[in-house]
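Below is work_12.cif, which holds mmCIF, C-alpha atoms.
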```
data_protein
loop_
_atom_site.group_PDB
_atom_site.id
_atom_site.type_symbol
_atom_site.label_atom_id
_atom_site.label_comp_id
_atom_site.auth_asym_id
_atom_site.auth_seq_id
_atom_site.Cartn_x
_atom_site.Cartn_y
_atom_site.Cartn_z
ATOM 1 C CA MET A 838 113.697 72.469 131.398
ATOM 2 C CA LEU A 839 110.619 74.708 131.197
ATOM 3 C CA LEU A 840 112.818 77.813 131.501
ATOM 4 C CA ILE A 841 114.908 76.694 128.519
ATOM 5 C CA ALA A 842 111.763 76.119 126.455
ATOM 6 C CA LEU A 843 110.354 79.552 127.311
ATOM 7 C CA THR A 844 113.698 81.257 126.711
ATOM 8 C CA GLY A 845 114.000 79.478 123.373
ATOM 9 C CA CYS A 846 110.581 80.713 122.276
ATOM 10 C CA TRP A 847 111.341 84.252 123.390
ATOM 11 C CA ASN A 848 114.630 84.473 121.522
ATOM 12 C CA SER A 849 113.294 82.843 118.368
ATOM 13 C CA SER A 850 110.716 85.610 117.864
ATOM 14 C CA SER A 851 113.097 88.585 118.144
ATOM 15 C CA TRP A 852 113.517 90.748 115.076
ATOM 16 C CA THR A 853 116.906 91.755 113.732
ATOM 17 C CA GLU A 854 117.604 95.454 113.189
ATOM 18 C CA GLU A 855 117.544 94.779 109.440
ATOM 19 C CA GLU A 856 114.067 93.181 109.689
ATOM 20 C CA ARG A 857 112.791 96.139 111.700
ATOM 21 C CA GLU A 858 114.132 98.683 109.196
ATOM 22 C CA GLU A 859 112.722 96.735 106.242
ATOM 23 C CA PHE A 860 109.305 96.532 107.918
ATOM 24 C CA LYS A 861 109.397 100.242 108.844
ATOM 25 C CA THR A 862 110.214 101.253 105.265
ATOM 26 C CA LYS A 863 107.411 99.075 103.903
ATOM 27 C CA CYS A 864 104.966 100.417 106.508
ATOM 28 C CA GLU A 865 105.756 104.081 105.865
ATOM 29 C CA SER A 866 105.217 103.572 102.125
ATOM 30 C CA GLN A 867 101.657 102.250 102.573
ATOM 31 C CA ILE A 868 98.992 104.628 101.320
ATOM 32 C CA TYR A 869 95.687 102.979 102.284
ATOM 33 C CA PHE A 870 94.450 101.982 105.736
ATOM 34 C CA ASP A 871 91.283 100.780 107.489
ATOM 35 C CA THR A 872 89.744 103.271 109.911
ATOM 36 C CA ASP A 873 87.786 100.785 111.957
ATOM 37 C CA PRO A 874 86.421 102.075 114.292
ATOM 38 C CA ILE A 875 86.143 105.858 114.566
ATOM 39 C CA CYS A 876 84.900 107.333 117.854
ATOM 40 C CA PHE A 877 82.547 110.318 118.073
ATOM 41 C CA THR A 878 82.364 111.801 121.597
ATOM 42 C CA GLY A 879 80.013 114.405 123.063
ATOM 43 C CA PHE A 880 77.356 114.201 120.368
ATOM 44 C CA THR A 881 73.748 113.098 120.575
ATOM 45 C CA TYR A 882 72.723 110.331 118.236
ATOM 46 C CA GLU A 883 70.481 112.768 116.363
ATOM 47 C CA GLU A 884 73.529 114.938 115.577
ATOM 48 C CA ILE A 885 75.503 112.078 114.061
ATOM 49 C CA ASP A 886 73.015 109.441 112.877
ATOM 50 C CA THR A 887 74.400 109.959 109.362
ATOM 51 C CA ILE A 888 77.877 111.422 109.009
ATOM 52 C CA THR A 889 78.884 112.774 105.615
ATOM 53 C CA VAL A 890 82.605 112.598 104.866
ATOM 54 C CA VAL A 891 84.078 114.440 101.887
ATOM 55 C CA GLU A 892 87.399 113.025 100.664
ATOM 56 C CA LYS A 893 89.703 115.533 99.015
ATOM 57 C CA ASP A 894 93.005 115.387 97.200
ATOM 58 C CA SER A 895 94.273 118.880 97.891
ATOM 59 C CA ILE A 896 91.242 120.918 96.756
ATOM 60 C CA THR A 897 89.619 118.382 94.411
ATOM 61 C CA ILE A 898 86.715 116.342 95.790
ATOM 62 C CA ILE A 899 87.423 112.643 95.245
ATOM 63 C CA ASP A 900 84.475 110.961 96.947
ATOM 64 C CA THR A 901 81.632 111.348 99.415
ATOM 65 C CA ILE A 902 81.467 108.667 102.109
ATOM 66 C CA TYR A 903 78.729 108.014 104.665
ATOM 67 C CA ILE A 904 79.190 106.664 108.171
ATOM 68 C CA TYR A 905 76.280 105.366 110.226
ATOM 69 C CA PRO A 906 77.397 105.126 113.871
ATOM 70 C CA ARG A 907 76.092 102.240 115.936
ATOM 71 C CA GLN A 908 73.263 103.208 118.223
ATOM 72 C CA GLU A 909 73.845 100.370 120.695
ATOM 73 C CA ARG A 910 76.483 101.187 123.282
ATOM 74 C CA ASN A 911 77.876 99.818 126.505
ATOM 75 C CA LYS A 912 77.462 101.592 129.875
ATOM 76 C CA HIS A 913 80.857 103.348 129.633
ATOM 77 C CA ASP A 914 80.095 104.719 126.168
ATOM 78 C CA LYS A 915 76.693 106.026 127.280
ATOM 79 C CA GLU A 916 78.214 107.790 130.297
ATOM 80 C CA ASN A 917 80.875 109.412 128.122
ATOM 81 C CA GLN A 918 78.565 110.149 125.169
ATOM 82 C CA LYS A 919 80.568 107.980 122.758
ATOM 83 C CA PHE A 920 79.398 106.497 119.486
ATOM 84 C CA TRP A 921 81.437 104.301 117.145
ATOM 85 C CA GLY A 922 81.207 104.005 113.369
ATOM 86 C CA SER A 923 83.209 102.824 110.383
ATOM 87 C CA PRO A 924 83.203 103.721 106.715
ATOM 88 C CA ASP A 925 83.011 100.900 104.212
ATOM 89 C CA VAL A 926 86.141 102.120 102.420
ATOM 90 C CA GLN A 927 89.821 102.480 103.163
ATOM 91 C CA PHE A 928 91.237 105.962 103.665
ATOM 92 C CA ASN A 929 94.275 107.366 101.834
ATOM 93 C CA VAL A 930 97.025 109.030 103.919
ATOM 94 C CA ASN A 931 97.642 111.547 101.128
ATOM 95 C CA HIS A 932 94.061 112.854 101.165
ATOM 96 C CA SER A 933 92.106 114.949 103.645
ATOM 97 C CA TYR A 934 88.672 114.082 104.991
ATOM 98 C CA GLU A 935 86.003 116.588 106.016
ATOM 99 C CA PHE A 936 83.561 115.122 108.568
ATOM 100 C CA TYR A 937 80.218 116.920 108.653
ATOM 101 C CA LEU A 938 78.703 116.239 112.071
ATOM 102 C CA GLU A 939 76.550 118.594 114.144
ATOM 103 C CA SER A 940 77.174 121.787 112.186
ATOM 104 C CA ASP A 941 78.135 123.135 108.798
ATOM 105 C CA THR A 942 81.751 123.533 109.920
ATOM 106 C CA PRO A 943 83.457 120.222 109.170
ATOM 107 C CA TYR A 944 86.050 118.493 111.317
ATOM 108 C CA VAL A 945 89.105 118.029 109.072
ATOM 109 C CA LEU A 946 91.261 114.908 109.301
ATOM 110 C CA ASP A 947 94.571 115.202 107.444
ATOM 111 C CA ASN A 948 98.393 115.080 107.658
ATOM 112 C CA MET A 949 98.211 111.327 108.190
ATOM 113 C CA GLU A 950 101.246 109.069 108.521
ATOM 114 C CA MET A 951 101.651 105.323 108.712
ATOM 115 C CA ILE A 952 103.769 104.270 111.683
ATOM 116 C CA MET A 953 105.426 101.106 112.873
ATOM 117 C CA TRP A 954 103.649 100.019 116.051
ATOM 118 C CA ALA A 955 105.301 97.828 118.703
ATOM 119 C CA GLN A 956 103.245 94.763 119.629
ATOM 120 C CA TYR A 957 105.120 92.886 122.316
ATOM 121 C CA THR A 958 103.704 89.715 123.806
ATOM 122 C CA MET A 959 104.929 87.157 126.324
ATOM 123 C CA ALA A 960 106.232 85.194 123.343
ATOM 124 C CA GLY A 961 108.416 88.017 122.060
ATOM 125 C CA GLU A 962 108.674 91.041 119.875
ATOM 126 C CA GLY A 963 106.188 91.921 117.169
ATOM 127 C CA TRP A 964 105.364 94.922 115.014
ATOM 128 C CA GLY A 965 102.301 96.244 113.273
ATOM 129 C CA CYS A 966 101.650 99.031 110.828
ATOM 130 C CA GLU A 967 98.972 101.621 111.686
ATOM 131 C CA MET A 968 97.902 105.064 110.662
ATOM 132 C CA GLY A 969 98.841 106.598 113.997
ATOM 133 C CA ASN A 970 99.923 110.200 113.371
ATOM 134 C CA PHE A 971 97.404 112.734 112.092
ATOM 135 C CA THR A 972 95.756 116.090 112.690
ATOM 136 C CA ILE A 973 92.112 116.939 113.352
ATOM 137 C CA ASP A 974 91.408 120.632 112.806
ATOM 138 C CA ASN A 975 95.191 121.220 112.866
ATOM 139 C CA GLU A 976 95.572 119.603 116.321
ATOM 140 C CA LYS A 977 98.354 117.026 116.150
ATOM 141 C CA PHE A 978 97.777 113.478 117.428
ATOM 142 C CA GLU A 979 100.741 111.109 117.597
ATOM 143 C CA HIS A 980 100.822 107.360 118.165
ATOM 144 C CA GLN A 981 97.024 107.124 118.351
ATOM 145 C CA GLY A 982 95.426 103.757 117.658
ATOM 146 C CA ASN A 983 92.011 105.150 116.724
ATOM 147 C CA ILE A 984 90.610 108.342 115.307
ATOM 148 C CA TYR A 985 88.562 110.264 117.901
ATOM 149 C CA PHE A 986 86.332 113.231 117.153
ATOM 150 C CA LYS A 987 85.282 115.237 120.202
ATOM 151 C CA LYS A 988 82.407 117.691 119.844
ATOM 152 C CA ARG A 989 83.690 121.235 119.944
ATOM 153 C CA GLY A 990 83.179 122.630 123.440
ATOM 154 C CA PHE A 991 82.338 119.226 124.965
ATOM 155 C CA LYS A 992 83.881 118.621 128.383
ATOM 156 C CA TYR A 993 83.995 115.366 130.252
ATOM 157 C CA ASP A 994 82.653 115.390 133.820
ATOM 158 C CA TRP A 995 86.212 115.040 135.168
ATOM 159 C CA GLU A 996 87.658 117.970 133.172
#
```
Rewrite the structure from the file as structure tokens, please.
Amino acid sequence: MLLIALTGCWNSSSWTEEEREEFKTKCESQIYFDTDPICFTGFTYEEIDTITVVEKDSITIIDTIYIYPRQERNKHDKENQKFWGSPDVQFNVNHSYEFYLESDTPYVLDNMEMIMWAQYTMAGEGWGCEMGNFTIDNEKFEHQGNIYFKKRGFKYDWE
């Protein structure tokens, strides 16, 4: 009896191909997304205590955003020199963002795409919509759940 109940729940949460395609189309047409949280690796807190982000539409400056990374960190983050921070605004996939961190040369986030993200559980199939494809300084990242900035030249102990 329990097997029938579990099987019934599993089958009832499956998506049809039409539902998947409709969701994918809607997802890919989204323009704005939350960036929470962004990871900054290899920096000292003094280098990134205030991060200036310049939002651009092509060459036109749209806005200046500030990120204040959290100083408190867990043991793993301390060992790997990671800090986390979030802007108070949503980002636009059609814009580019210049992150001014430890130097005058900004890290450039652009070429962003919204993607349909599988979220399977024991109860069945699910889907989310995330900004998961992007470039940082022309390096392509695909199917990434978070945006990670790694200090130029920083190497982990295991590299």
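Compared by their closest atoms to A:Phe991, and using all atoms listed in the file, the residues A:Phe877, A:Thr889, A:Ile899, A:Glu859 rank with A:Phe877 nearest.
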For A:Asn917: contacts at 8 Å, all atoms listed in the file, fewer than 3 positions along chain excluded, given as JSON, numbers by chain | {"A": [878, 879, 913, 914, 993]}
Got a sec: who's within 9 Å of stretch 968-973 of chain A, counting only C-alpha atoms, leaving out chain neighbours fewer than 2 positions off, as a compact mmCIF listing (two decimals) with C-alpha atoms, keeping the file's coordinate frame?
```txt
# COMPACT_ATOMS: atom_id res chain seq x y z
CA TYR A 869 95.69 102.98 102.28
CA PHE A 870 94.45 101.98 105.74
CA ASP A 871 91.28 100.78 107.49
CA THR A 872 89.74 103.27 109.91
CA VAL A 930 97.02 109.03 103.92
CA TYR A 944 86.05 118.49 111.32
CA VAL A 945 89.10 118.03 109.07
CA LEU A 946 91.26 114.91 109.30
CA ASP A 947 94.57 115.20 107.44
CA ASN A 948 98.39 115.08 107.66
CA MET A 949 98.21 111.33 108.19
CA GLU A 950 101.25 109.07 108.52
CA MET A 951 101.65 105.32 108.71
CA ILE A 952 103.77 104.27 111.68
CA MET A 953 105.43 101.11 112.87
CA TRP A 954 103.65 100.02 116.05
CA CYS A 966 101.65 99.03 110.83
CA ASN A 975 95.19 121.22 112.87
CA GLU A 976 95.57 119.60 116.32
CA LYS A 977 98.35 117.03 116.15
CA PHE A 978 97.78 113.48 117.43
CA GLU A 979 100.74 111.11 117.60
CA HIS A 980 100.82 107.36 118.16
CA GLN A 981 97.02 107.12 118.35
CA GLY A 982 95.43 103.76 117.66
CA ASN A 983 92.01 105.15 116.72
CA ILE A 984 90.61 108.34 115.31
CA TYR A 985 88.56 110.26 117.90
CA PHE A 986 86.33 113.23 117.15
```
For the structure provided, state which residues fall under the PyMOL selection byres ((chain A and resi 906) around 7), and present them as a short mmCIF file (atom, residue, chain, number, x, y, z; two decimals) with C-alpha atoms, in the frame of the given file.
```cif
data_model
loop_
_atom_site.label_atom_id
_atom_site.label_comp_id
_atom_site.auth_asym_id
_atom_site.auth_seq_id
_atom_site.Cartn_x
_atom_site.Cartn_y
_atom_site.Cartn_z
CA ASP A 886 73.02 109.44 112.88
CA ILE A 904 79.19 106.66 108.17
CA TYR A 905 76.28 105.37 110.23
CA ARG A 907 76.09 102.24 115.94
CA GLN A 908 73.26 103.21 118.22
CA PHE A 920 79.40 106.50 119.49
CA TRP A 921 81.44 104.30 117.14
CA GLY A 922 81.21 104.00 113.37
#
```
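Across the structure, atom CA of A:Glu883 and atom CA of A:Arg989 are spaced 16.1 Å apart.
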Kindly complete stretch 960-993 of chain A to N, CA and C atoms; the output should be written as an mmCIF file, keeping the file's coordinate frame.
```
data_model
loop_
_atom_site.group_PDB
_atom_site.id
_atom_site.type_symbol
_atom_site.label_atom_id
_atom_site.label_comp_id
_atom_site.auth_asym_id
_atom_site.auth_seq_id
_atom_site.Cartn_x
_atom_site.Cartn_y
_atom_site.Cartn_z
ATOM 1 N N ALA A 960 105.432 86.044 124.222
ATOM 2 C CA ALA A 960 106.232 85.194 123.343
ATOM 3 C C ALA A 960 107.340 85.959 122.634
ATOM 4 N N GLY A 961 107.329 87.283 122.700
ATOM 5 C CA GLY A 961 108.416 88.017 122.060
ATOM 6 C C GLY A 961 107.985 89.307 121.418
ATOM 7 N N GLU A 962 108.808 89.756 120.532
ATOM 8 C CA GLU A 962 108.674 91.041 119.875
ATOM 9 C C GLU A 962 107.829 90.904 118.620
ATOM 10 N N GLY A 963 106.969 91.882 118.389
ATOM 11 C CA GLY A 963 106.188 91.921 117.169
ATOM 12 C C GLY A 963 105.972 93.364 116.761
ATOM 13 N N TRP A 964 105.581 93.564 115.514
ATOM 14 C CA TRP A 964 105.364 94.922 115.014
ATOM 15 C C TRP A 964 104.152 94.936 114.109
ATOM 16 N N GLY A 965 103.426 96.033 114.155
ATOM 17 C CA GLY A 965 102.301 96.244 113.273
ATOM 18 C C GLY A 965 102.489 97.553 112.542
ATOM 19 N N CYS A 966 101.600 97.808 111.617
ATOM 20 C CA CYS A 966 101.650 99.031 110.828
ATOM 21 C C CYS A 966 100.283 99.688 110.919
ATOM 22 N N GLU A 967 100.229 100.905 111.457
ATOM 23 C CA GLU A 967 98.972 101.621 111.686
ATOM 24 C C GLU A 967 99.086 103.058 111.216
ATOM 25 N N MET A 968 97.930 103.627 110.854
ATOM 26 C CA MET A 968 97.902 105.064 110.662
ATOM 27 C C MET A 968 97.774 105.616 112.076
ATOM 28 N N GLY A 969 98.828 106.205 112.600
ATOM 29 C CA GLY A 969 98.841 106.598 113.997
ATOM 30 C C GLY A 969 99.203 108.043 114.247
ATOM 31 N N ASN A 970 99.618 108.770 113.238
ATOM 32 C CA ASN A 970 99.923 110.200 113.371
ATOM 33 C C ASN A 970 99.010 110.952 112.410
ATOM 34 N N PHE A 971 98.337 111.990 112.929
ATOM 35 C CA PHE A 971 97.404 112.734 112.092
ATOM 36 C C PHE A 971 97.039 114.041 112.788
ATOM 37 N N THR A 972 96.312 114.893 112.070
ATOM 38 C CA THR A 972 95.756 116.090 112.690
ATOM 39 C C THR A 972 94.243 116.076 112.490
ATOM 40 N N ILE A 973 93.543 116.644 113.474
ATOM 41 C CA ILE A 973 92.112 116.939 113.352
ATOM 42 C C ILE A 973 91.995 118.424 113.660
ATOM 43 N N ASP A 974 91.499 119.167 112.681
ATOM 44 C CA ASP A 974 91.408 120.632 112.806
ATOM 45 C C ASP A 974 92.745 121.228 113.230
ATOM 46 N N ASN A 975 93.809 120.761 112.635
ATOM 47 C CA ASN A 975 95.191 121.220 112.866
ATOM 48 C C ASN A 975 95.741 120.878 114.244
ATOM 49 N N GLU A 976 95.038 120.093 115.041
ATOM 50 C CA GLU A 976 95.572 119.603 116.321
ATOM 51 C C GLU A 976 96.262 118.274 116.055
ATOM 52 N N LYS A 977 97.529 118.205 116.435
ATOM 53 C CA LYS A 977 98.354 117.026 116.150
ATOM 54 C C LYS A 977 98.085 115.896 117.149
ATOM 55 N N PHE A 978 97.904 114.687 116.621
ATOM 56 C CA PHE A 978 97.777 113.478 117.428
ATOM 57 C C PHE A 978 98.875 112.527 116.979
ATOM 58 N N GLU A 979 99.642 112.008 117.929
ATOM 59 C CA GLU A 979 100.741 111.109 117.597
ATOM 60 C C GLU A 979 100.573 109.787 118.328
ATOM 61 N N HIS A 980 100.890 108.719 117.631
ATOM 62 C CA HIS A 980 100.822 107.360 118.165
ATOM 63 C C HIS A 980 99.444 107.051 118.741
ATOM 64 N N GLN A 981 98.409 107.407 117.983
ATOM 65 C CA GLN A 981 97.024 107.124 118.351
ATOM 66 C C GLN A 981 96.556 105.883 117.595
ATOM 67 N N GLY A 982 95.913 104.980 118.291
ATOM 68 C CA GLY A 982 95.426 103.757 117.658
ATOM 69 C C GLY A 982 94.106 103.931 116.942
ATOM 70 N N ASN A 983 93.303 104.891 117.352
ATOM 71 C CA ASN A 983 92.011 105.150 116.724
ATOM 72 C C ASN A 983 91.857 106.642 116.481
ATOM 73 N N ILE A 984 90.951 106.952 115.585
ATOM 74 C CA ILE A 984 90.610 108.342 115.307
ATOM 75 C C ILE A 984 89.443 108.703 116.221
ATOM 76 N N TYR A 985 89.595 109.794 116.980
ATOM 77 C CA TYR A 985 88.562 110.264 117.901
ATOM 78 C C TYR A 985 88.154 111.679 117.530
ATOM 79 N N PHE A 986 86.863 111.886 117.342
ATOM 80 C CA PHE A 986 86.332 113.231 117.153
ATOM 81 C C PHE A 986 85.586 113.609 118.416
ATOM 82 N N LYS A 987 85.953 114.732 119.008
ATOM 83 C CA LYS A 987 85.282 115.237 120.202
ATOM 84 C C LYS A 987 84.521 116.494 119.805
ATOM 85 N N LYS A 988 83.232 116.538 120.173
ATOM 86 C CA LYS A 988 82.407 117.691 119.844
ATOM 87 C C LYS A 988 83.062 118.959 120.371
ATOM 88 N N ARG A 989 83.094 119.969 119.545
ATOM 89 C CA ARG A 989 83.690 121.235 119.944
ATOM 90 C C ARG A 989 82.965 121.775 121.179
ATOM 91 N N GLY A 990 83.743 122.103 122.210
ATOM 92 C CA GLY A 990 83.179 122.630 123.440
ATOM 93 C C GLY A 990 82.739 121.567 124.440
ATOM 94 N N PHE A 991 82.758 120.288 124.047
ATOM 95 C CA PHE A 991 82.338 119.226 124.965
ATOM 96 C C PHE A 991 83.406 119.015 126.049
ATOM 97 N N LYS A 992 82.968 118.904 127.266
ATOM 98 C CA LYS A 992 83.881 118.621 128.383
ATOM 99 C C LYS A 992 83.393 117.396 129.114
ATOM 100 N N TYR A 993 84.325 116.520 129.426
ATOM 101 C CA TYR A 993 83.995 115.366 130.252
ATOM 102 C C TYR A 993 83.695 115.846 131.657
#
```
